[in-house]
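Below: one structure, written as structure tokens.
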Amino acid sequence: MPSINWRNLQLTLLRGGVAPKYARRTIQELQQHHADLVREFLAKGVSHDEAVARANHDVGDAQTIAQEVLAKRELLTWSYRFPKLVFLAVPIVGYPILFLTLFFSTILLPIKLFESQGDSTQHLADWVITLLYCLLFFYSYLLAPLFLVGVSMLSRRRTTKLLWPLIAVVVVAFIGSGLSFHLIRSLTPGESSLGLTWGYSFLGIPTADNATTLSLLRMTATVAVCGACMYFYRPLEALKIAI
Amino acid sequence: MAKTNAAFMSGVPELVILRLLSQREMYGYELVRAIRLTSSDALSLAEGVVYPTLHSLESRGLLKAKDKVVDARARVYYRTTNKGDKQLQKLQGEWQRVNNGIQRILGATSAQHQLA
């Protein structure tokens with residue numbers, strides 16, 4: 001019986017949805033087992049080639065092992081077992097939750113705290129205003145693309161069908177790209193303002209001039225980046241096995 | 001060594017593995033040897049197939065795995081958890097019940113043959 005190609009076996013397991021932890025351990029333990037068998041046969045006085053051949057026979061062929069592992073559903077990743085949930089529902093629900101959590105905890109809450117201490121936006125130090133501006137910029141323009149790149153890369157790592165992550169990318173890109181913000185600081189009390197808006201004019205939501213066009217451009221760019229990521233990112237092909 | 005009839009083996013690896021690992025912790029190779037030795041070669045599991053079963057039992061919380069280095073070799077030792085011990089009791093009970101039923105059927109068939 002020919003020797004098992006460990007790399008191919010590991011790739012088969014990963015492509016079949018086996019959790020990386022179990023794919024790695026299956027290979028490592030099988031290699032150890034094979035080495036133990038070879039030692040056992042050598043100790044019995046057989047030649048090295050014969051010992052290896054017998055060890056190959058006793059371990060079994062890669063196809064049978066792979067079938068046995070893949071038949072055990074509990075060894076598969078969540079993303080493989082529930083692709084719609086992990087790559088469609090979670091991103092669509094998760095992105096707004098992530099955005100709102102970050103926005104409230106790092107922008108609205110600190111401002112409220114400043115205000116409760118008698119300060120108001122116009123009295124905040126320049127560096128605080130700059131920080132707020134950077135955070136608002138990040139949350140409004142970069143959070144959705146980065147979040148979706150993460151989803152795209154994960155979908156490639158888990159080698160699921162790309163339909164569900166693609167739909168999630170389009171939906172979340174649509175939601176995320178509709179965001180825009182403004183932060184105006186005035187030395188006149190009561191004239192400083194911070195605003196966050198979401199909308200597309202074709203949905204009947206009034207937006208600033210060109211805002212919808214810019215939002216659609218951002219959405220297209222986000223979907224394009226994620227599509228490129230899904231196409232070019234091939235983590236399994238760069239897989240290395242420690243032997 | 002004769003291959004064990006696959007149709008008879010459904011559920012057997014789980015029972016055998018839980019039983020042996022409830023007595024002491026072992027790594028895969030050691031476990032395969034123990035199965036052969038204890039069953040006097042009556043049970044012959046494909047050796048590579050033991051690991052998916054071990055991992056499956058571990059993922060279900062019935063076994064606990066621990067990395068150890070023994071004689072400069074990395075080993076993954078397995079032992080049963082409390083949940084695994086309870087599952088073993090349950091499987092042993094089921095096995096005894098089925099085994100008794102089969103024994104009775106086989107005995108009855110022999111008796112009928114004798115009557116004929």
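Chain labels A, B, ... are given in the sequence in which chains occur in the structure tokens; within each chain residues are numbered consecutively from 1, and ligands are likewise numbered from 1 in the order shown.
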
Could you give me, as a tab-separated table, every chain A residue with an atom at most 9 Å from chain B, plus its closest atom pair and distance in Å to one decimal, counting only C-alpha atoms, rows ordered by chain then number?
```
residue	atom	partner	partner_atom	distance
A:Tyr22	CA	B:His55	CA	7.1
A:Arg25	CA	B:His55	CA	8.8
A:Thr26	CA	B:Tyr51	CA	6.4
A:Glu29	CA	B:Gly28	CA	7.5
A:Leu30	CA	B:Gly48	CA	6.6
A:Gln32	CA	B:Arg75	CA	7.9
A:His33	CA	B:Tyr29	CA	5.6
A:His34	CA	B:Tyr29	CA	8.8
A:Asp36	CA	B:Tyr29	CA	7.3
A:Leu37	CA	B:Tyr29	CA	8.3
A:Asp58	CA	B:Glu47	CA	6.2
A:Val59	CA	B:Gly48	CA	4.7
A:Gly60	CA	B:Gly48	CA	5.8
A:Asp61	CA	B:Gly48	CA	8.2
A:Ala62	CA	B:Gly48	CA	8.7
A:Thr64	CA	B:Val49	CA	7.9
A:Ile65	CA	B:Val49	CA	5.7
A:Ala66	CA	B:Val49	CA	8.9
A:Glu68	CA	B:Val49	CA	6.5
A:Val69	CA	B:Pro52	CA	5.2
A:Leu70	CA	B:Pro52	CA	8.8
A:Lys72	CA	B:Ser56	CA	6.7
A:Arg73	CA	B:Ser56	CA	8.5
A:Glu74	CA	B:Ser56	CA	6.4
A:Leu75	CA	B:Ser56	CA	6.3
```

Output file for the residues above (C-alpha atoms, as a compact mmCIF listing (two decimals), in the first residue's frame):
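Written output follows (out.txt):
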```txt
# COMPACT_ATOMS: atom_id res chain seq x y z
CA TYR A 22 -8.97 18.30 14.44
CA ARG A 25 -4.33 16.62 15.23
CA THR A 26 -5.54 13.81 12.99
CA GLU A 29 -1.42 11.57 15.60
CA LEU A 30 -1.52 9.42 12.47
CA GLN A 32 3.07 9.36 15.27
CA HIS A 33 1.10 6.15 14.95
CA HIS A 34 2.81 5.32 11.66
CA ASP A 36 5.39 3.74 16.16
CA LEU A 37 4.34 0.95 13.81
CA ASP A 58 -2.07 -1.05 9.18
CA VAL A 59 -2.77 2.69 9.26
CA GLY A 60 -5.08 2.35 6.27
CA ASP A 61 -5.60 4.39 3.14
CA ALA A 62 -6.15 8.13 3.15
CA THR A 64 -10.99 5.64 4.21
CA ILE A 65 -9.58 7.83 6.97
CA ALA A 66 -10.91 10.99 5.32
CA GLU A 68 -14.40 8.41 8.53
CA VAL A 69 -13.44 11.90 9.74
CA LEU A 70 -15.87 13.68 7.42
CA LYS A 72 -18.35 12.76 12.07
CA ARG A 73 -20.35 15.96 11.94
CA GLU A 74 -19.21 17.10 15.34
CA LEU A 75 -15.67 17.46 13.93
```

- Quick one: everything within 8 Å of stretch 211-223 of chain A, counting only C-alpha atoms, minus sequence neighbours fewer than 5 positions away in the same chain. Send it as a PyMOL selection string. chain A and resi 145+148+169-170+173-174+176-179+199-201

- Task: as a PyMOL selection string, list the residues of chain B assigned to alpha helix (DSSP H) by DSSP on the backbone atoms of this structure.
- Result: chain B and resi 12-23+28-38+50-59+82-115

- Task: Calculate how many Å separate atom CA of A:Tyr80 from atom CA of A:Leu9, rounding to one decimal.
- Result: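 Distance reported for this atom pair: 18.0 Å.
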
- For B:Gln87, work out the shell of residues within 9 Å, counting only C-alpha atoms and skipping chain neighbours fewer than 6 positions away, then give it as a PyMOL selection string. chain B and resi 15+18+62

Shell of 9 Å around B:Met26, only C-alpha atoms, local chain residues under 4 positions omitted, as a CSV table (one decimal) with C-alpha atoms, in the first residue's frame:
```csv
chain,number,residue,atom,x,y,z
B,20,LEU,CA,-10.4,0.9,28.0
B,21,LEU,CA,-9.9,4.6,28.6
B,30,GLU,CA,-1.3,2.2,22.8
B,31,LEU,CA,-5.1,2.0,22.7
B,76,VAL,CA,-1.8,12.9,23.0
B,77,TYR,CA,-3.2,11.0,25.9
B,78,TYR,CA,-6.9,10.4,26.4
B,79,ARG,CA,-9.0,9.6,29.4
```

- Between atom CA of A:Ala35 and atom CA of A:Arg54, measure the distance and give it in Å to one decimal.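 Atom CA of A:Arg54 lies 11.3 Å from atom CA of A:Ala35.
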
- Where does DSSP see strand (DSSP E or B) in stretch 20-224 of chain A, if you list the residues as a PyMOL selection string? chain A and resi 76+179-184+193-198

Let's have the selection written as a CSV table (one decimal), in the first residue's frame, with N, CA, C and O atoms.
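Below is the file out17.csv, written as the result:
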```csv
chain,number,residue,atom,x,y,z
A,76,LEU,N,-16.8,18.9,12.3
A,76,LEU,CA,-16.8,20.0,11.3
A,76,LEU,C,-17.0,21.3,12.0
A,76,LEU,O,-17.6,21.4,13.1
A,179,LEU,N,-23.8,55.3,5.5
A,179,LEU,CA,-23.5,56.2,6.7
A,179,LEU,C,-22.7,57.4,6.3
A,179,LEU,O,-21.8,57.3,5.5
A,180,SER,N,-23.0,58.5,6.9
A,180,SER,CA,-22.1,59.7,6.8
A,180,SER,C,-22.2,60.4,8.1
A,180,SER,O,-23.1,60.3,8.9
A,181,PHE,N,-21.2,61.3,8.4
A,181,PHE,CA,-21.2,62.0,9.6
A,181,PHE,C,-20.7,63.4,9.4
A,181,PHE,O,-20.1,63.8,8.4
A,182,HIS,N,-21.0,64.2,10.4
A,182,HIS,CA,-20.4,65.6,10.5
A,182,HIS,C,-20.0,65.9,11.9
A,182,HIS,O,-20.7,65.5,12.8
A,183,LEU,N,-19.0,66.6,12.1
A,183,LEU,CA,-18.6,67.1,13.4
A,183,LEU,C,-18.1,68.5,13.2
A,183,LEU,O,-17.1,68.8,12.6
A,184,ILE,N,-19.0,69.4,13.7
A,184,ILE,CA,-18.6,70.9,13.6
A,184,ILE,C,-18.4,71.4,15.0
A,184,ILE,O,-19.2,71.3,15.9
A,193,SER,N,-21.8,70.9,16.7
A,193,SER,CA,-22.7,69.7,16.5
A,193,SER,C,-22.0,68.5,16.0
A,193,SER,O,-20.9,68.6,15.4
A,194,LEU,N,-22.6,67.4,16.3
A,194,LEU,CA,-22.1,66.1,15.9
A,194,LEU,C,-23.2,65.4,15.3
A,194,LEU,O,-24.3,65.3,15.9
A,195,GLY,N,-23.1,64.9,14.1
A,195,GLY,CA,-24.3,64.2,13.5
A,195,GLY,C,-23.9,63.0,12.7
A,195,GLY,O,-22.8,62.9,12.1
A,196,LEU,N,-24.7,62.0,12.7
A,196,LEU,CA,-24.5,60.8,12.0
A,196,LEU,C,-25.8,60.5,11.2
A,196,LEU,O,-26.9,60.5,11.8
A,197,THR,N,-25.7,60.3,9.9
A,197,THR,CA,-26.9,60.1,9.1
A,197,THR,C,-26.7,58.8,8.3
A,197,THR,O,-25.6,58.4,8.0
A,198,TRP,N,-27.8,58.3,8.0
A,198,TRP,CA,-27.8,57.1,7.1
A,198,TRP,C,-29.0,57.3,6.1
A,198,TRP,O,-30.1,57.7,6.5
```

So that I can see what lies close to A:Gln10, please list as an mmCIF file with C-alpha atoms, in the first residue's frame the residues with an atom at most 6 Å from it, counting only C-alpha atoms and leaving out residues fewer than 3 positions away in the same chain.
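Done, and the output landed in result_20.cif:
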```cif
data_model
loop_
_atom_site.group_PDB
_atom_site.id
_atom_site.type_symbol
_atom_site.label_atom_id
_atom_site.label_comp_id
_atom_site.auth_asym_id
_atom_site.auth_seq_id
_atom_site.Cartn_x
_atom_site.Cartn_y
_atom_site.Cartn_z
ATOM 1 C CA ARG A 7 -0.567 17.177 3.082
ATOM 2 C CA LEU A 13 -10.137 17.307 5.646
ATOM 3 C CA ALA A 23 -7.479 18.210 10.943
#
```

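Here the question is which of A:Leu11, A:Ala43, A:Cys226, A:Ala53 gets nearest to A:Leu154 using only C-alpha atoms, and that residue is A:Cys226.
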
- Query: In Å, how far is it from atom CA of A:Arg158 to atom CA of B:Pro13?
  - Reply: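 Atom-to-atom, atom CA of A:Arg158 and atom CA of B:Pro13 are spaced 29.5 Å apart.
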
- Contact residues around stretch 124-129 of chain A with only C-alpha atoms at 10 Å, ignoring same-chain residues under 5 positions, as a PyMOL selection string: chain A and resi 111+114-115+119+134-135+183-185

Serialized selection, N, CA, C and O atoms, as a PDB file, in the first residue's frame:
```pdb
ATOM      1  N   ILE A 111     -18.863  61.735  25.484  1.00  0.00           N
ATOM      2  CA  ILE A 111     -19.394  63.100  25.373  1.00  0.00           C
ATOM      3  C   ILE A 111     -20.388  63.371  26.502  1.00  0.00           C
ATOM      4  O   ILE A 111     -20.366  64.425  27.145  1.00  0.00           O
ATOM      5  N   PHE A 114     -18.469  63.994  29.639  1.00  0.00           N
ATOM      6  CA  PHE A 114     -17.907  65.355  29.655  1.00  0.00           C
ATOM      7  C   PHE A 114     -18.988  66.360  30.011  1.00  0.00           C
ATOM      8  O   PHE A 114     -18.778  67.264  30.815  1.00  0.00           O
ATOM      9  N   GLU A 115     -20.150  66.188  29.370  1.00  0.00           N
ATOM     10  CA  GLU A 115     -21.245  67.121  29.615  1.00  0.00           C
ATOM     11  C   GLU A 115     -21.713  67.076  31.069  1.00  0.00           C
ATOM     12  O   GLU A 115     -22.048  68.084  31.680  1.00  0.00           O
ATOM     13  N   ASP A 119     -18.596  70.184  31.176  1.00  0.00           N
ATOM     14  CA  ASP A 119     -17.956  70.539  29.903  1.00  0.00           C
ATOM     15  C   ASP A 119     -18.960  70.311  28.780  1.00  0.00           C
ATOM     16  O   ASP A 119     -19.946  69.609  28.923  1.00  0.00           O
ATOM     17  N   CYS A 134     -11.543  61.217  14.163  1.00  0.00           N
ATOM     18  CA  CYS A 134     -10.932  60.001  13.601  1.00  0.00           C
ATOM     19  C   CYS A 134     -11.826  58.789  13.833  1.00  0.00           C
ATOM     20  O   CYS A 134     -12.014  57.947  12.947  1.00  0.00           O
ATOM     21  N   LEU A 135     -12.378  58.703  15.040  1.00  0.00           N
ATOM     22  CA  LEU A 135     -13.255  57.558  15.350  1.00  0.00           C
ATOM     23  C   LEU A 135     -14.491  57.567  14.467  1.00  0.00           C
ATOM     24  O   LEU A 135     -14.883  56.536  13.905  1.00  0.00           O
ATOM     25  N   LEU A 183     -18.984  66.635  12.053  1.00  0.00           N
ATOM     26  CA  LEU A 183     -18.579  67.092  13.385  1.00  0.00           C
ATOM     27  C   LEU A 183     -18.139  68.542  13.223  1.00  0.00           C
ATOM     28  O   LEU A 183     -17.123  68.827  12.595  1.00  0.00           O
ATOM     29  N   ILE A 184     -18.964  69.449  13.716  1.00  0.00           N
ATOM     30  CA  ILE A 184     -18.643  70.880  13.590  1.00  0.00           C
ATOM     31  C   ILE A 184     -18.397  71.444  14.973  1.00  0.00           C
ATOM     32  O   ILE A 184     -19.242  71.310  15.870  1.00  0.00           O
ATOM     33  N   ARG A 185     -17.233  72.029  15.114  1.00  0.00           N
ATOM     34  CA  ARG A 185     -16.904  72.589  16.415  1.00  0.00           C
ATOM     35  C   ARG A 185     -16.965  74.109  16.318  1.00  0.00           C
ATOM     36  O   ARG A 185     -16.360  74.704  15.418  1.00  0.00           O
TER      37      ARG A 185
END
```

- Message: Give me the residues near A:Val52 as a list in words, where near means some atom within 10 Å (using only C-alpha atoms) and where sequence neighbours in that chain fewer than 3 positions away do not count.
- Response: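 Close residues of A:Val52: Met1, Pro2, Ser3, His34, Ala35, Leu37, Val38, Arg39, Phe41, Leu42, Val46, Ser47, His48, Asp49, Ala55, Asn56, His57 and Asp58 of chain A.
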